[in-house]
Every structure is written in C-alpha cells, then in structure tokens.
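Colleague: One structure, pasted below without further comment.
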Amino acid sequence: MILIKQLFAIITSLVSVFIINCKILLYKMFTQKKIGLFYHPNKNLTKNHTQYIEDYFSKNKNFLIFYGSLFFFNKNNYFLIKPFFLKYIYGVDIFLSNNVSDQFTSISKKIYIHHDIFDTPLVEPKKEFTLLNRLLKYDYIVVSSEQGKKIFLKLFSNTNIHPELRVSRYLKLNYFLKKIKVKHRNDCSKILIAPTNFRSFPKLSMQKKLAKIIKVLLELKFEVIYRPHPSNFFEKNVLAINVKYKKFKNFTFDQSNDYTKSFQSSDIIITDMSGTAYTYVVLNSKPVIFFNSEKEIKKFGYDQLNYFKHRSQVGYIVNSTKGIVKVLNIKKIQLKKNNKIQKIKKIFLNQKLLNLNDFI
C-alpha cells in the first residue's frame, strides 16, 4: 500500500509539473501577469493555512498563483507535487511558503512568510544551525512586526549574507478578523488550552502537565477546549488525553482545520510558548495564561525576547495548576488587561499588507 501511494505521488507530481509549465507558458505569452507558486512543504500543517492564504492571494490581480502541496486538493490551480519535482517548474517569478522548504521552483525569488506573529523561538538551540542553513536558501523573510525581526537577526548574527527581512501584516489577521465576533464575559467559564509543538521544545512544553491541568479544571466545572498543535494532532499521548476525558460533557477535543470557533467561544487561552498566544490576543482582545518555567526560559536565553517580555501585559504567568485556578477566579479578568492588550494589538495591526510587487 505504501509503495502504491508513493508511486501515485510521483506520477501525479510529474503530471502536475507538465500542466503547470504549460499554463505558465500560455500566461507568459498572452498576459502580463506575474507567476507565483505557494508551496506547503509540511503535510500536517497544510490544511491549517489554506483558507487565509487563498483569501489573500485571490486579491492579487497582477499575479497568477499556483498552489503546491503533498495533498490532493480538488481545487483550481492546486497541485500535488513532491518537493523534488519543484525544480522542474520554470517561469515562476515568486516562490512562497510559510513553512520552511528545502526545494524551490527554478530561478525564482524565494520568500519565506513566517507563520508566528511575534519573536517566538524558532527551534531548540541545538537545531538552530540546521534551520539557519535552510533559511539561507531564501531571498526574503517576511515577519509581522519590527519586534519579530529579533529572533531572525539573532539567528543570522554570525553570517555575512542572509535573506532580507521585511515587515508586513500577518496574513491571518485580515481574514480571521472578519470571521470572529468578539464577546466578553465577566468571568472565565470556557478555557482554550493550546500548547506549542512539544517535540520542538520538550523542556519548555506543558505537555507532561496537561492531563492534571485538564482534570482539575473539568472537576471545577470549567468548560475546557483542548487544541493540540497541528503537528501533534495524532501523537499517542495527545490522543490519550482525548480518550481519558471525552466522557466529560465539558471537554472538547479540537482537531479542526479552523481554530476560529475555539477562539471565539473561549474566554481565555492557556499556553506555554505558542505563537498562538499573541494571535489570540489580537483577534480576540482576551488575555492569556502563560504556563512557563522561568528557570528554563532564562537557561535558553529567551527572557529578552519580546514574546516573553510582553507576557504580563497581555496575560498572567503561572507555573502550577493552582496558579491557573487562582488566575481564573480573578473578578472581571478580561477588563483588567484590556488597555495593555489594545496597545499590543497596534503593533501588528498597524503594519502594511504584503505586496508581491515589492519583491519583483
């Protein structure tokens, strides 16, 4: 079965390359449009990004955008392409991705659109050299704020030549701001728990504490939505939590491609160091509970990053289940952080929109 799937992917990739090249040739001959190809190199994350990516690029009338992924989508200009075959696609002016790709279309400007909203740590220190060499293949890296540049400038600090860093509004914001209707309550009865990928930062992850946290909150009659990082959707220890607590009526396990329903219905989010924290703040104007070990954060040298320096402005820092419960019992909790949350939101909402013409 595996061999059949691999053979299907190879044959489909060859067909996709042929069709795309033919279409590009025709468009180059008969139109003045530029050609872009947006590629999804991470299969587990693809479906979480398609909606807002499509929405944004549908408004770029000067570009024809093709989409490549490891999935087969029954959509116009979507193609299943294994990464190896990208180099056989010619005439693409701009290659884009929001997860790091190692393969690219031939002779294209290569743009990485960073998918975290702030200067969230990229990978563990021991993996930084590998990531550095992968990112050096790009011509541009797009971040969501001047503060967000910091983590990349640190990564490139010992290189003489590196991709040009540019700032533009986070692509998710415009799309999801239209979808979410914010409602505030005086108390926090519905809690969203959304940790980062625990395989990326095992020593900073709250994963080992999750079962206990959820148990306590459910017993206290809070409604709990558990949304694991998409990279961990089908991990055994993640699925085990769902099996353990699905009998509780006040427990929801969210594996959907669209997290806006969980955002909109919840009163507060609990996370460790996920970039989702600040996305939640901007889209929802609601606070965050950061479950962190200050010792480990300082050990990794992350305490000077804006992500961690701004935590107390948009939420509360705790290191125990008791600390979480204490915060949740604060009266009018959503109003207490409102003024500071509005200031933080401006950091991201005041940025100009991405314009592909600026890269040609």
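Chain labels follow the order of the structure tokens: the first chain is A, the next B, and so on; residue numbering restarts at 1 in every chain, and ligands are counted from 1 in their shown order.
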Could you write out, as a VMD selection string, all the residues of region 39-268 of chain A that DSSP marks as strand (DSSP E)?

Modeller: chain A and resid 39 63 to 69 78 to 80 94 to 97 109 to 113 140 to 143 164 to 167 190 to 193 223 to 226 251 to 253 268

Colleague: Which residues, written as a ChimeraX atom specification, have at least one atom at most 7 Å from region 186-191 of chain A, with only C-alpha atoms counted and residues fewer than 5 positions away on the same chain left out?

Modeller: /A:222-225,266-269,328,331-334

Colleague: Looking at A:Leu122, A:Leu132, A:Ile35, A:Leu204, which one is nearest to Leu356 (chain A), with distances taken over only C-alpha atoms?

Modeller: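 Ranking A:Leu122, A:Leu132, A:Ile35, A:Leu204 by distance to Leu356 (chain A), first place goes to A:Ile35.
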
Colleague: Against region 294-306 of chain A, which residues of region 112-229 of chain A fall within 10 Å? For each one I want the closest pair of atoms and the distance in Å (one decimal), counting only C-alpha atoms, rows by chain and increasing residue number, as CSV.

Modeller:
```
residue,atom,partner,partner_atom,distance
A:Phe118,CA,A:Asn306,CA,7.4
A:Asp119,CA,A:Asn306,CA,6.3
A:Thr120,CA,A:Leu305,CA,7.7
A:Pro121,CA,A:Tyr302,CA,7.5
A:Glu124,CA,A:Phe300,CA,8.4
A:Pro125,CA,A:Phe300,CA,7.6
A:Gln147,CA,A:Asn306,CA,6.7
A:Gly148,CA,A:Asn306,CA,7.9
A:Lys150,CA,A:Leu305,CA,7.5
A:Ile151,CA,A:Leu305,CA,7.6
A:Lys203,CA,A:Glu296,CA,7.3
A:Leu204,CA,A:Glu296,CA,6.7
```

Colleague: Could you write out that same residue set with C-alpha atoms as a PDB file, in the first residue's frame?

Modeller:
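Full text of again_15.pdb as output:
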```
ATOM      1  CA  PHE A 118       5.948  37.569  17.324  1.00  0.00           C
ATOM      2  CA  ASP A 119       9.585  36.656  18.041  1.00  0.00           C
ATOM      3  CA  THR A 120       8.662  33.217  19.297  1.00  0.00           C
ATOM      4  CA  PRO A 121      11.751  30.951  19.453  1.00  0.00           C
ATOM      5  CA  GLU A 124      15.826  24.498  20.127  1.00  0.00           C
ATOM      6  CA  PRO A 125      19.398  25.894  20.189  1.00  0.00           C
ATOM      7  CA  GLN A 147       9.982  43.231  17.138  1.00  0.00           C
ATOM      8  CA  GLY A 148       9.521  39.969  15.271  1.00  0.00           C
ATOM      9  CA  LYS A 150      14.737  39.984  16.566  1.00  0.00           C
ATOM     10  CA  ILE A 151      14.719  36.203  16.536  1.00  0.00           C
ATOM     11  CA  LYS A 203      11.883  21.210  28.138  1.00  0.00           C
ATOM     12  CA  LEU A 204       9.609  24.236  27.817  1.00  0.00           C
TER      13      LEU A 204
END
```

Colleague: For Asp116 (chain A), which of A:Tyr278, A:Phe57, A:Phe30, A:Phe291 is the closest residue, counting only C-alpha atoms?

Modeller: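 Distance minimum relative to Asp116 (chain A) lands on A:Tyr278.
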
Colleague: Compile the contact shell of region 338-353 of chain A as a VMD selection string: residues with an atom at most 12 Å away, counting only C-alpha atoms, same-chain residues fewer than 6 positions apart removed.

Modeller: chain A and resid 56 to 57 59 to 60 116 to 118 142 to 148 166 to 174 177 184 277 to 288 306 to 307 309 to 315 332
